[in-house]
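What follows is a short report on a single structure.
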Amino acid sequence: MTSVKEFRIDDTATPTALGRGAFVFTDDYSVFDWGKMPDTIPDKGASLCTMGAYNFELLEAAGVPTHYRGVVEDGSVCSLGETERPPTEMAIDLTQVPDLPHEGRTYDYDTYHANAGDNYLVPLEIIFRNRVPVGSSLRRRTDPADHGLAFDEWPEEVVDLEEPIVEFSTKYEKGDRYLEREEADAIAGVAGIEELESVARAVNRVVTEQAESAGLVHEDGKIECLYYDGEIRVADVVGTFDENRFSYEGTQLSKEVIRQYHKRTQPDWVDAVSTAKSQAKAEDIADWKSLCERDPEPLENEVIDVARGMYCAGTNAYIGEEVFDAPPLSSAIGAVQRL
């Protein structure tokens with residue numbers, strides 16, 4: 001179980017063979033690494049499954065290997081185009097995910113890879129950025145010159161990038177952190193860091209082109225990968241409004257809308273989360289959430305309706321079909337702007 005989807009194992013992966021299983025998407029959501037929040041957003045799970053499946057099928061057509069096998073309807077695995085209703089279950093190949101031992105915030109990746117062999121989930125997230133908004137963490141962590149940009153300092157405006165910036169962060173640490181390439185390469189194991197970057201750039205191209213065809217701007221996103229039989233394959237879910245950030249006519253169309261709403265309406269909780277993470281880092285405690293002194297409050301029904309409209313209208317626009325009963329994207333975006 002992840003924070004927003006259930007994970008079912010049908011055939012367990014072994015050191016020499018992939019297994020089989022499925023993601024079952026729920027209507028839960030998560031922000032600020034909190035995990036399951038107090039509310040659900042109707043049809044969110046079907047939106048993520050539909051968009052994810054659509055993107056996996058685009059990637060397969062582009063020759064990018066993935067773990068996707070199809071979506072599940074009435075117990076049968078089929079392509080997205082063969083479904084009669086929005087799916088909530090995705091059939092996937094499974095790889096091994098060994099335990100990652102740790103003492104405090106020190107993680108033992110050598111043991112992870114010793115137990116993984118040559119069939120494992122790479123314990124990294126690979127992030128790609130097509131633009132750098134004013135509030136991006138990239139501005140706090142790096143200088144423009146680090147990315148070959150012709151600025152002495154970050155300008156007070158959005159920076160659109162001619163070439164995407166690719167970064168690496170940890171996947172299974174309690175508080176994920178960005179990595180220098182040398183450390184990322186070590187954590188990746190036998191999966192080559194250059195090939196991981198190449199796959200991420202290929203995924204970014206496919207998603208960006210599809211977004212542009214729908215009138216959307218693809219701002220940034222991330223992927224996860226598995227390594228099997230000498231090949232890197234895209235895993236988890238790709239190009240949804242939870243994994244990636246899109247915008248439409250200058251307005252965010254992603255989970256970032258809900259994140260920013262919490263910042264405006266529950267600043268005490270957001271501050272408590274930040275304080276707990278900082279305290280955990282200072283005290284070398286992995287479980288920062290146990291130090292948080294506040295819990296999030298539920299959303300108002302109106303906000304849930306706006307979020308549902310954003311996910312469903314956005315999915316309709318992205319894939320070019322009326323999969324969900326939802327307002328036009330322009331109306332859904334107008335509701336987001338009024339939040």
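In the structure tokens, chains take the letters A, B, ... in the order shown, each chain's residues start at 1, and ligands count up from 1 in the order shown.
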If you count only C-alpha atoms, which residues fall within 12 Å of region 257-262 of chain A, apart from same-chain ones fewer than 6 positions away, as a JSON list (two decimals) with C-alpha atoms, in the first residue's frame?
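Output file out.json follows:
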```
[["chain", "number", "residue", "atom", "x", "y", "z"],
["A", 29, "TYR", "CA", -4.37, 12.01, -1.89],
["A", 30, "SER", "CA", -1.13, 13.01, -0.17],
["A", 31, "VAL", "CA", 0.76, 16.29, 0.17],
["A", 32, "PHE", "CA", 4.01, 17.25, 1.94],
["A", 33, "ASP", "CA", 4.97, 13.55, 2.28],
["A", 34, "TRP", "CA", 2.20, 13.17, 4.89],
["A", 37, "MET", "CA", -4.93, 12.80, 4.05],
["A", 39, "ASP", "CA", -10.37, 13.35, 2.56],
["A", 41, "ILE", "CA", -11.30, 13.15, -4.15],
["A", 135, "GLY", "CA", 9.27, 29.06, -5.75],
["A", 241, "PHE", "CA", -1.31, 15.11, -12.21],
["A", 242, "ASP", "CA", 0.31, 13.62, -9.10],
["A", 245, "ARG", "CA", 3.18, 19.40, -12.94],
["A", 246, "PHE", "CA", 1.21, 20.82, -15.84],
["A", 247, "SER", "CA", -0.35, 24.21, -16.40],
["A", 251, "THR", "CA", -2.75, 28.18, -14.05],
["A", 268, "ASP", "CA", 0.10, 26.10, 11.08],
["A", 269, "TRP", "CA", -0.01, 22.47, 9.95],
["A", 270, "VAL", "CA", 2.37, 23.13, 7.04],
["A", 271, "ASP", "CA", 4.79, 24.87, 9.43],
["A", 273, "VAL", "CA", 5.44, 19.53, 9.10],
["A", 296, "PRO", "CA", -4.22, 18.24, 8.82],
["A", 297, "GLU", "CA", -7.86, 19.32, 8.81],
["A", 298, "PRO", "CA", -10.37, 18.01, 6.24],
["A", 299, "LEU", "CA", -11.11, 19.99, 3.11],
["A", 300, "GLU", "CA", -14.42, 21.74, 2.51],
["A", 303, "VAL", "CA", -12.66, 22.38, -2.55],
["A", 304, "ILE", "CA", -13.08, 18.64, -3.09],
["A", 305, "ASP", "CA", -15.44, 19.37, -6.00],
["A", 306, "VAL", "CA", -12.90, 21.74, -7.56],
["A", 307, "ALA", "CA", -10.15, 19.14, -7.18],
["A", 308, "ARG", "CA", -12.33, 16.46, -8.76],
["A", 310, "MET", "CA", -9.40, 19.52, -12.16],
["A", 311, "TYR", "CA", -8.36, 15.85, -12.27],
["A", 333, "ILE", "CA", -9.37, 26.01, -14.37],
["A", 335, "ALA", "CA", -12.78, 27.15, -10.44],
["A", 336, "VAL", "CA", -9.14, 26.51, -9.47],
["A", 337, "GLN", "CA", -8.34, 30.19, -9.89],
["A", 338, "ARG", "CA", -11.19, 31.11, -7.52],
["A", 339, "LEU", "CA", -9.94, 28.86, -4.70]]
```
- Query: How would you write, as a PyMOL selection string, the set of residues in region 51-231 of chain A that DSSP gives as strand (DSSP E)?
  - Reply: chain A and resi 68-73+76-78+89-94+102-103+106-107+119-121+124-132+159-170+178-179+217-228+231
- Within 12 Å of Ala184 (chain A), counting only C-alpha atoms, which residues qualify if same-chain residues fewer than 6 places away don't, as a ChimeraX atom specification? /A:109,122-126,166-171,177-178,190-194,196-197
Take the selection from the previous step and output its residues with N, CA and C atoms, as an mmCIF file, in the first residue's frame.
```cif
data_model
loop_
_atom_site.group_PDB
_atom_site.id
_atom_site.type_symbol
_atom_site.label_atom_id
_atom_site.label_comp_id
_atom_site.auth_asym_id
_atom_site.auth_seq_id
_atom_site.Cartn_x
_atom_site.Cartn_y
_atom_site.Cartn_z
ATOM 1 N N TYR A 109 22.789 1.029 1.532
ATOM 2 C CA TYR A 109 22.469 0.643 0.160
ATOM 3 C C TYR A 109 23.281 -0.560 -0.298
ATOM 4 N N VAL A 122 15.169 0.430 -8.796
ATOM 5 C CA VAL A 122 16.241 1.392 -8.527
ATOM 6 C C VAL A 122 15.750 2.352 -7.443
ATOM 7 N N PRO A 123 16.481 2.456 -6.320
ATOM 8 C CA PRO A 123 15.973 3.251 -5.191
ATOM 9 C C PRO A 123 16.190 4.761 -5.351
ATOM 10 N N LEU A 124 15.809 5.260 -6.535
ATOM 11 C CA LEU A 124 15.943 6.676 -6.858
ATOM 12 C C LEU A 124 14.663 7.180 -7.514
ATOM 13 N N GLU A 125 14.444 8.477 -7.387
ATOM 14 C CA GLU A 125 13.500 9.157 -8.256
ATOM 15 C C GLU A 125 14.316 10.029 -9.200
ATOM 16 N N ILE A 126 13.968 9.977 -10.492
ATOM 17 C CA ILE A 126 14.668 10.783 -11.489
ATOM 18 C C ILE A 126 13.727 11.913 -11.879
ATOM 19 N N VAL A 166 17.883 17.492 -15.356
ATOM 20 C CA VAL A 166 17.584 16.190 -14.758
ATOM 21 C C VAL A 166 18.312 16.089 -13.427
ATOM 22 N N GLU A 167 17.583 15.692 -12.393
ATOM 23 C CA GLU A 167 18.149 15.523 -11.054
ATOM 24 C C GLU A 167 17.759 14.157 -10.503
ATOM 25 N N PHE A 168 18.432 13.791 -9.405
ATOM 26 C CA PHE A 168 18.168 12.513 -8.753
ATOM 27 C C PHE A 168 17.899 12.750 -7.274
ATOM 28 N N SER A 169 16.918 12.018 -6.740
ATOM 29 C CA SER A 169 16.662 12.078 -5.306
ATOM 30 C C SER A 169 16.453 10.669 -4.778
ATOM 31 N N THR A 170 16.573 10.521 -3.470
ATOM 32 C CA THR A 170 16.350 9.213 -2.859
ATOM 33 C C THR A 170 14.874 8.851 -2.927
ATOM 34 N N LYS A 171 14.592 7.560 -2.889
ATOM 35 C CA LYS A 171 13.219 7.073 -2.997
ATOM 36 C C LYS A 171 12.695 6.519 -1.687
ATOM 37 N N ARG A 177 15.975 13.196 -0.243
ATOM 38 C CA ARG A 177 16.949 14.272 -0.430
ATOM 39 C C ARG A 177 17.513 14.207 -1.842
ATOM 40 N N TYR A 178 17.860 15.388 -2.360
ATOM 41 C CA TYR A 178 18.486 15.474 -3.671
ATOM 42 C C TYR A 178 19.947 15.045 -3.561
ATOM 43 N N VAL A 190 23.883 -1.409 -10.230
ATOM 44 C CA VAL A 190 24.398 -1.723 -11.566
ATOM 45 C C VAL A 190 23.645 -0.983 -12.662
ATOM 46 N N ALA A 191 22.527 -0.369 -12.330
ATOM 47 C CA ALA A 191 21.814 0.460 -13.315
ATOM 48 C C ALA A 191 22.624 1.730 -13.556
ATOM 49 N N GLY A 192 22.995 1.984 -14.792
ATOM 50 C CA GLY A 192 23.860 3.111 -15.093
ATOM 51 C C GLY A 192 23.151 4.447 -14.976
ATOM 52 N N ILE A 193 23.809 5.409 -14.339
ATOM 53 C CA ILE A 193 23.194 6.705 -14.120
ATOM 54 C C ILE A 193 22.965 7.431 -15.442
ATOM 55 N N GLU A 194 23.840 7.235 -16.416
ATOM 56 C CA GLU A 194 23.668 7.894 -17.711
ATOM 57 C C GLU A 194 22.448 7.342 -18.432
ATOM 58 N N LEU A 196 19.838 5.928 -16.973
ATOM 59 C CA LEU A 196 18.654 6.395 -16.240
ATOM 60 C C LEU A 196 18.262 7.797 -16.693
ATOM 61 N N GLU A 197 19.273 8.653 -16.857
ATOM 62 C CA GLU A 197 18.994 10.009 -17.328
ATOM 63 C C GLU A 197 18.431 9.991 -18.745
#
```
- Contacts of His147 (chain A) at 12 Å or less, counting only C-alpha atoms, minus same-chain residues fewer than 4 places along, as a list in words? Arg129, Val132, Leu138, Arg139, Arg141, Thr142, Asp143, Phe151, Asp152, Glu153, Trp154, Leu161, Glu162, Glu163, Pro164, Ile165, Val166 and Glu167 of chain A
- With only C-alpha atoms as the atoms that count, which of A:Asp236, A:Cys292, A:Gly189, A:Asp74 lies nearest to Ser278 (chain A)?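 Of all the options, A:Cys292 lies closest to Ser278 (chain A).
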